[in-house]
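File shown: entry09.pdb. Contents: PDB, C-alpha atoms, pLDDT in the B column.
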```pdb
ATOM      1  CA  MET Z   1     -17.516 107.280  78.336  1.00 90.00           C
ATOM      2  CA  PRO Z   2     -16.335 105.012  81.169  1.00 96.00           C
ATOM      3  CA  ARG Z   3     -17.538 101.435  81.447  1.00 98.00           C
ATOM      4  CA  TYR Z   4     -18.309  99.767  84.773  1.00 98.00           C
ATOM      5  CA  MET Z   5     -18.695  96.257  86.179  1.00 98.00           C
ATOM      6  CA  SER Z   6     -20.525  95.015  89.220  1.00 98.00           C
ATOM      7  CA  ILE Z   7     -18.673  92.401  91.244  1.00 98.00           C
ATOM      8  CA  THR Z   8     -20.773  90.307  93.623  1.00 98.00           C
ATOM      9  CA  LEU Z   9     -20.276  87.718  96.318  1.00 98.00           C
ATOM     10  CA  GLU Z  10     -23.598  86.031  95.528  1.00 98.00           C
ATOM     11  CA  LYS Z  11     -24.262  83.992  98.690  1.00 97.00           C
ATOM     12  CA  ARG Z  12     -23.356  86.935 100.923  1.00 98.00           C
ATOM     13  CA  GLY Z  13     -25.402  89.342  98.773  1.00 98.00           C
ATOM     14  CA  VAL Z  14     -22.686  92.011  98.644  1.00 98.00           C
ATOM     15  CA  SER Z  15     -21.667  93.925  95.514  1.00 98.00           C
ATOM     16  CA  CYS Z  16     -19.317  96.677  94.497  1.00 98.00           C
ATOM     17  CA  VAL Z  17     -18.848  98.684  91.298  1.00 98.00           C
ATOM     18  CA  ALA Z  18     -15.543  98.915  89.428  1.00 98.00           C
ATOM     19  CA  GLU Z  19     -14.564 101.306  86.657  1.00 98.00           C
ATOM     20  CA  LEU Z  20     -12.602  99.790  83.772  1.00 98.00           C
ATOM     21  CA  LEU Z  21      -9.173 101.403  83.331  1.00 98.00           C
ATOM     22  CA  GLU Z  22      -9.341 101.528  79.552  1.00 98.00           C
ATOM     23  CA  ALA Z  23      -6.514 104.052  79.144  1.00 98.00           C
ATOM     24  CA  ASP Z  24      -4.130 101.830  81.148  1.00 98.00           C
ATOM     25  CA  ALA Z  25      -5.213  98.307  80.137  1.00 98.00           C
ATOM     26  CA  PRO Z  26      -7.279  98.561  76.926  1.00 98.00           C
ATOM     27  CA  ARG Z  27      -6.710  94.978  75.707  1.00 98.00           C
ATOM     28  CA  THR Z  28      -7.521  93.439  79.071  1.00 98.00           C
ATOM     29  CA  CYS Z  29     -10.603  95.635  79.506  1.00 98.00           C
ATOM     30  CA  GLU Z  30     -11.923  94.642  76.081  1.00 98.00           C
ATOM     31  CA  ALA Z  31     -11.260  90.934  76.665  1.00 98.00           C
ATOM     32  CA  VAL Z  32     -13.066  90.947  80.026  1.00 98.00           C
ATOM     33  CA  TRP Z  33     -15.924  93.222  78.909  1.00 98.00           C
ATOM     34  CA  SER Z  34     -16.616  91.057  75.860  1.00 98.00           C
ATOM     35  CA  ALA Z  35     -16.756  87.926  78.040  1.00 98.00           C
ATOM     36  CA  LEU Z  36     -19.097  89.223  80.772  1.00 98.00           C
ATOM     37  CA  PRO Z  37     -20.827  87.850  82.719  1.00 98.00           C
ATOM     38  CA  GLN Z  38     -18.268  85.621  84.411  1.00 98.00           C
ATOM     39  CA  VAL Z  39     -18.971  83.618  87.560  1.00 97.00           C
ATOM     40  CA  GLY Z  40     -17.181  80.920  89.498  1.00 94.00           C
ATOM     41  CA  ALA Z  41     -16.452  79.519  92.918  1.00 93.00           C
ATOM     42  CA  VAL Z  42     -14.685  82.083  95.085  1.00 96.00           C
ATOM     43  CA  GLN Z  43     -11.373  81.430  96.772  1.00 92.00           C
ATOM     44  CA  HIS Z  44      -9.443  83.513  99.283  1.00 96.00           C
ATOM     45  CA  ALA Z  45      -5.718  83.924  98.645  1.00 92.00           C
ATOM     46  CA  LYS Z  46      -3.248  82.131 100.885  1.00 85.00           C
ATOM     47  CA  TYR Z  47      -0.118  84.114 100.064  1.00 82.00           C
ATOM     48  CA  ALA Z  48      -1.182  87.378  98.408  1.00 88.00           C
ATOM     49  CA  ARG Z  49      -3.045  88.382 101.574  1.00 93.00           C
ATOM     50  CA  ASN Z  50      -6.226  90.449 100.987  1.00 97.00           C
ATOM     51  CA  GLU Z  51      -7.489  88.899  97.763  1.00 97.00           C
ATOM     52  CA  VAL Z  52     -10.533  86.948  96.644  1.00 98.00           C
ATOM     53  CA  TYR Z  53     -10.654  85.433  93.195  1.00 96.00           C
ATOM     54  CA  THR Z  54     -12.333  82.989  90.886  1.00 95.00           C
ATOM     55  CA  MET Z  55     -10.800  80.925  88.128  1.00 90.00           C
ATOM     56  CA  VAL Z  56     -12.650  80.587  84.841  1.00 91.00           C
ATOM     57  CA  PRO Z  57     -11.844  78.999  81.476  1.00 88.00           C
ATOM     58  CA  ARG Z  58      -9.896  81.154  79.038  1.00 90.00           C
ATOM     59  CA  PHE Z  59     -12.282  83.420  77.150  1.00 94.00           C
ATOM     60  CA  ALA Z  60     -10.239  85.804  74.979  1.00 94.00           C
ATOM     61  CA  ALA Z  61      -9.718  84.998  71.308  1.00 90.00           C
ATOM     62  CA  GLU Z  62      -6.225  86.386  71.838  1.00 92.00           C
ATOM     63  CA  GLU Z  63      -4.675  86.801  75.285  1.00 94.00           C
ATOM     64  CA  PRO Z  64      -4.153  90.500  76.056  1.00 97.00           C
ATOM     65  CA  GLY Z  65      -0.607  90.019  77.316  1.00 96.00           C
ATOM     66  CA  GLN Z  66       0.873  92.095  80.067  1.00 97.00           C
ATOM     67  CA  GLU Z  67      -0.375  95.654  80.522  1.00 98.00           C
ATOM     68  CA  ASN Z  68      -0.602  97.872  83.592  1.00 98.00           C
ATOM     69  CA  PRO Z  69       1.087  95.102  85.605  1.00 98.00           C
ATOM     70  CA  THR Z  70       1.624  95.001  89.340  1.00 98.00           C
ATOM     71  CA  VAL Z  71       2.978  92.684  92.011  1.00 97.00           C
ATOM     72  CA  THR Z  72       1.799  95.016  94.810  1.00 97.00           C
ATOM     73  CA  PRO Z  73      -1.932  95.592  94.286  1.00 98.00           C
ATOM     74  CA  ILE Z  74      -3.710  98.134  96.465  1.00 98.00           C
ATOM     75  CA  PRO Z  75      -7.229  98.069  97.948  1.00 98.00           C
ATOM     76  CA  GLY Z  76      -9.788  98.333  95.163  1.00 98.00           C
ATOM     77  CA  ASP Z  77      -7.582  96.913  92.405  1.00 98.00           C
ATOM     78  CA  VAL Z  78      -9.314  94.449  90.064  1.00 98.00           C
ATOM     79  CA  VAL Z  79      -6.687  92.206  88.494  1.00 98.00           C
ATOM     80  CA  TYR Z  80      -6.522  89.728  85.586  1.00 98.00           C
ATOM     81  CA  PHE Z  81      -4.097  86.805  85.583  1.00 96.00           C
ATOM     82  CA  SER Z  82      -3.634  84.295  82.777  1.00 93.00           C
ATOM     83  CA  PHE Z  83      -2.157  80.989  83.913  1.00 86.00           C
ATOM     84  CA  PRO Z  84      -1.029  78.306  81.468  1.00 80.00           C
ATOM     85  CA  GLY Z  85      -1.945  74.807  82.609  1.00 70.00           C
ATOM     86  CA  GLY Z  86       1.629  73.909  83.464  1.00 64.00           C
ATOM     87  CA  MET Z  87       2.041  76.787  85.912  1.00 67.00           C
ATOM     88  CA  LEU Z  88      -0.462  75.456  88.448  1.00 67.00           C
ATOM     89  CA  ASP Z  89       0.364  72.370  90.478  1.00 66.00           C
ATOM     90  CA  ARG Z  90      -1.647  69.173  90.096  1.00 71.00           C
ATOM     91  CA  GLU Z  91      -3.274  69.194  93.536  1.00 73.00           C
ATOM     92  CA  PHE Z  92      -4.369  72.823  93.165  1.00 66.00           C
ATOM     93  CA  LYS Z  93      -5.919  72.090  89.751  1.00 68.00           C
ATOM     94  CA  GLN Z  94      -7.692  69.005  91.093  1.00 74.00           C
ATOM     95  CA  ASP Z  95      -9.012  70.919  94.115  1.00 73.00           C
ATOM     96  CA  LYS Z  96     -10.439  73.632  91.848  1.00 68.00           C
ATOM     97  CA  GLY Z  97     -11.789  71.157  89.267  1.00 72.00           C
ATOM     98  CA  ILE Z  98      -9.732  72.718  86.472  1.00 70.00           C
ATOM     99  CA  GLU Z  99      -7.234  69.943  85.774  1.00 72.00           C
ATOM    100  CA  GLN Z 100      -8.668  69.297  82.289  1.00 73.00           C
ATOM    101  CA  LEU Z 101      -8.201  72.916  81.126  1.00 67.00           C
ATOM    102  CA  PRO Z 102      -5.129  74.008  79.129  1.00 75.00           C
ATOM    103  CA  GLY Z 103      -5.003  77.137  81.262  1.00 79.00           C
ATOM    104  CA  VAL Z 104      -7.253  79.433  83.244  1.00 87.00           C
ATOM    105  CA  ILE Z 105      -8.044  83.063  83.845  1.00 93.00           C
ATOM    106  CA  ASP Z 106      -7.921  84.273  87.434  1.00 94.00           C
ATOM    107  CA  LEU Z 107     -10.209  87.261  88.067  1.00 98.00           C
ATOM    108  CA  ALA Z 108      -9.302  88.845  91.400  1.00 98.00           C
ATOM    109  CA  ILE Z 109     -10.159  91.754  93.625  1.00 98.00           C
ATOM    110  CA  PHE Z 110      -7.947  93.164  96.357  1.00 98.00           C
ATOM    111  CA  TYR Z 111      -9.690  94.584  99.391  1.00 98.00           C
ATOM    112  CA  GLY Z 112      -6.948  95.517 101.849  1.00 97.00           C
ATOM    113  CA  ARG Z 113      -3.348  96.735 102.092  1.00 95.00           C
ATOM    114  CA  ASN Z 114       0.031  95.009 102.076  1.00 94.00           C
ATOM    115  CA  ASN Z 115      -0.532  92.549  99.225  1.00 94.00           C
ATOM    116  CA  LEU Z 116       2.380  90.866  97.521  1.00 93.00           C
ATOM    117  CA  LEU Z 117       1.986  88.694  94.423  1.00 95.00           C
ATOM    118  CA  ILE Z 118       4.596  86.033  94.952  1.00 90.00           C
ATOM    119  CA  ASN Z 119       4.185  82.283  94.663  1.00 83.00           C
ATOM    120  CA  GLY Z 120       6.578  79.938  96.415  1.00 78.00           C
ATOM    121  CA  ASP Z 121       6.702  77.637  93.390  1.00 78.00           C
ATOM    122  CA  VAL Z 122       7.319  80.150  90.607  1.00 82.00           C
ATOM    123  CA  GLY Z 123       8.236  83.511  92.156  1.00 88.00           C
ATOM    124  CA  TRP Z 124       6.702  86.851  91.201  1.00 93.00           C
ATOM    125  CA  VAL Z 125       3.261  86.671  89.582  1.00 93.00           C
ATOM    126  CA  PRO Z 126       2.413  90.022  87.962  1.00 96.00           C
ATOM    127  CA  GLY Z 127      -1.210  90.678  87.111  1.00 97.00           C
ATOM    128  CA  ASN Z 128      -2.944  93.245  84.912  1.00 98.00           C
ATOM    129  CA  VAL Z 129      -4.784  95.921  86.884  1.00 98.00           C
ATOM    130  CA  TYR Z 130      -7.721  96.572  84.568  1.00 98.00           C
ATOM    131  CA  ALA Z 131     -10.342  98.099  86.872  1.00 98.00           C
ATOM    132  CA  SER Z 132     -10.667  99.965  90.143  1.00 98.00           C
ATOM    133  CA  ILE Z 133     -13.483  99.635  92.658  1.00 98.00           C
ATOM    134  CA  VAL Z 134     -15.212 103.026  92.861  1.00 98.00           C
ATOM    135  CA  GLU Z 135     -18.281 102.156  94.929  1.00 98.00           C
ATOM    136  CA  GLY Z 136     -18.921  99.703  97.760  1.00 98.00           C
ATOM    137  CA  LEU Z 137     -15.341  98.752  98.690  1.00 98.00           C
ATOM    138  CA  GLY Z 138     -16.043  98.927 102.454  1.00 98.00           C
ATOM    139  CA  PRO Z 139     -18.911  96.407 102.545  1.00 98.00           C
ATOM    140  CA  MET Z 140     -17.151  94.222  99.963  1.00 98.00           C
ATOM    141  CA  ALA Z 141     -13.974  94.217 102.080  1.00 98.00           C
ATOM    142  CA  GLU Z 142     -15.988  93.063 105.102  1.00 98.00           C
ATOM    143  CA  ALA Z 143     -17.582  90.272 103.052  1.00 98.00           C
ATOM    144  CA  CYS Z 144     -14.192  89.240 101.604  1.00 98.00           C
ATOM    145  CA  HIS Z 145     -12.705  89.095 105.086  1.00 97.00           C
ATOM    146  CA  ASP Z 146     -15.647  86.902 106.080  1.00 97.00           C
ATOM    147  CA  VAL Z 147     -14.704  84.536 103.243  1.00 98.00           C
ATOM    148  CA  TRP Z 148     -11.292  84.292 104.947  1.00 96.00           C
ATOM    149  CA  ARG Z 149     -12.748  83.768 108.435  1.00 96.00           C
ATOM    150  CA  SER Z 150     -15.841  81.674 107.683  1.00 96.00           C
ATOM    151  CA  GLY Z 151     -14.847  79.917 104.472  1.00 94.00           C
ATOM    152  CA  SER Z 152     -15.606  80.000 100.786  1.00 94.00           C
ATOM    153  CA  VAL Z 153     -17.680  76.821 100.440  1.00 95.00           C
ATOM    154  CA  GLY Z 154     -20.807  77.521  98.425  1.00 95.00           C
ATOM    155  CA  GLU Z 155     -19.846  81.128  97.620  1.00 98.00           C
ATOM    156  CA  THR Z 156     -19.444  82.480  94.094  1.00 97.00           C
ATOM    157  CA  LEU Z 157     -17.803  85.596  92.705  1.00 98.00           C
ATOM    158  CA  ARG Z 158     -19.739  87.150  89.830  1.00 98.00           C
ATOM    159  CA  TYR Z 159     -18.657  89.824  87.349  1.00 98.00           C
ATOM    160  CA  ASP Z 160     -21.355  91.616  85.296  1.00 98.00           C
ATOM    161  CA  ARG Z 161     -21.653  94.687  83.118  1.00 98.00           C
ATOM    162  CA  TYR Z 162     -22.987  97.576  85.163  1.00 98.00           C
ATOM    163  CA  GLU Z 163     -25.154 100.199  83.523  1.00 90.00           C
ATOM    164  CA  GLY Z 164     -25.786 102.240  86.697  1.00 80.00           C
TER     165      GLY Z 164
END
```

Mind turning this structure into structure tokens?
Amino acid sequence: MPRYMSITLEKRGVSCVAELLEADAPRTCEAVWSALPQVGAVQHAKYARNEVYTMVPRFAAEEPGQENPTVTPIPGDVVYFSFPGGMLDREFKQDKGIEQLPGVIDLAIFYGRNNLLINGDVGWVPGNVYASIVEGLGPMAEACHDVWRSGSVGETLRYDRYEG
């Protein structure tokens, strides 16, 4: 039986539903599902293009490793990134208030086309596609684009179990 998450931009009051891709990314799905709910300040990507994300402290007892990876996510992809502390630059960590953490988990959604996961400092940054948005992508895409246009200050991205 499929499992689902709701993903919400809380201040904007917009949610979507994503189905976990358990056949393709079972370890990542289990790690995320076991750690829900997750919530944090939302950011809009600078380089990847049509992405919003939040960074949270590591939560898995054992990191899932790479599975179902991509560097070219498509609209509706829900992606997990695990960043060791040394991969992120000092100013970025200070800006996000995560400089004291040994590493972070980046939980991201992609809402439009033509995304490319490359970072000028380190090169390609593959992420695990572990869920796909199956309901509400249109309104969520509009709200994500508004994060780009109007700003992210005060907005949070929340991931919850969805029972339907």

Distance query Z:Arg49 at most 9 Å, only C-alpha atoms, self and fewer than 4 positions along chain excluded, as number ranges by chain: Z: 44-45, 110, 112-117

Per-residue nearest contacts of stretch 53-109 of chain Z to stretch 134-146 of chain Z (10 Å; all atoms listed in the file) as CSV:
```
residue,atom,partner,partner_atom,distance
Z:Tyr53,CA,Z:Cys144,CA,9.9
Z:Pro75,CA,Z:Leu137,CA,8.2
Z:Gly76,CA,Z:Leu137,CA,6.6
Z:Asp77,CA,Z:Val134,CA,9.8
Z:Ile109,CA,Z:Cys144,CA,9.3
```

query: For this file, the PyMOL selection byres ((chain Z and resi 126) around 10) selects which residues, as a list of chain:residue names?
result: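 That selection, the PyMOL selection byres ((chain Z and resi 126) around 10), comes back as Z:Gln66, Z:Glu67, Z:Asn68, Z:Pro69, Z:Thr70, Z:Val71, Z:Thr72, Z:Pro73, Z:Val79, Z:Tyr80, Z:Phe81, Z:Ser82, Z:Leu116, Z:Leu117, Z:Ile118, Z:Gly123, Z:Trp124, Z:Val125, Z:Gly127, Z:Asn128, Z:Val129.
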
Point-to-point distance from atom CA of Z:Glu62 to atom CA of Z:Ala18, Å rounded to tenths: 23.5 Å

query: Separation of atom CA of Z:Ser15 and atom CA of Z:Val52, in Å?
result: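 Spanning atom CA of Z:Ser15 to atom CA of Z:Val52 is a straight-line distance of 13.2 Å.
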
message: For the PyMOL selection byres ((chain Z and resi 93-107) around 7), applied here, can you spell out every residue it catches as a PyMOL selection string?
response: chain Z and resi 53-58+79-85+88-92+108

- request: Compile the contact shell of Z:Pro64 as a ChimeraX atom specification: residues with an atom at most 9 Å away, counting only C-alpha atoms, same-chain residues fewer than 2 positions apart removed.
  value: /Z:25-31,60,62,66-67

field: Interatomic distance, atom CA of Z:Leu36 to atom CA of Z:Trp148 (Å, one decimal)
entry: 25.9 Å

Decode the PyMOL selection byres ((chain Z and resi 158) around 7) for the given file into explicit residues and return them as a JSON list (two decimals) with C-alpha atoms, in the coordinates of the input.
```
[["chain", "number", "residue", "atom", "x", "y", "z"],
["Z", 7, "ILE", "CA", -18.67, 92.40, 91.24],
["Z", 8, "THR", "CA", -20.77, 90.31, 93.62],
["Z", 9, "LEU", "CA", -20.28, 87.72, 96.32],
["Z", 10, "GLU", "CA", -23.60, 86.03, 95.53],
["Z", 38, "GLN", "CA", -18.27, 85.62, 84.41],
["Z", 39, "VAL", "CA", -18.97, 83.62, 87.56],
["Z", 40, "GLY", "CA", -17.18, 80.92, 89.50],
["Z", 156, "THR", "CA", -19.44, 82.48, 94.09],
["Z", 157, "LEU", "CA", -17.80, 85.60, 92.70],
["Z", 159, "TYR", "CA", -18.66, 89.82, 87.35],
["Z", 160, "ASP", "CA", -21.36, 91.62, 85.30]]
```

message: Ranking Z:Ser6, Z:Gly164, Z:Arg12, Z:Ala131 by minimum distance to Z:Val42 and counting all atoms listed in the file, which one comes first?
response: Z:Arg12

message: My list of candidates is Z:Ile74, Z:Ala61, Z:Leu20, Z:Val32. Which is closest to Z:Ala48 when distances are computed with all atoms listed in the file?
response: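 Smallest separation from Z:Ala48 among the options: Z:Ile74.
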
- prompt: Of the candidates Z:Arg149, Z:Trp33, Z:Asn50, Z:Tyr111, which shows the shortest atom-to-atom distance to Z:Cys16, using only C-alpha atoms?
  reply: Z:Tyr111

query: Nearest to Z:Glu163 among Z:Tyr130, Z:Lys11, Z:Val17, Z:Gly65, with distances taken over all atoms listed in the file: which residue is it?
result: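 Nearest to Z:Glu163: Z:Val17.
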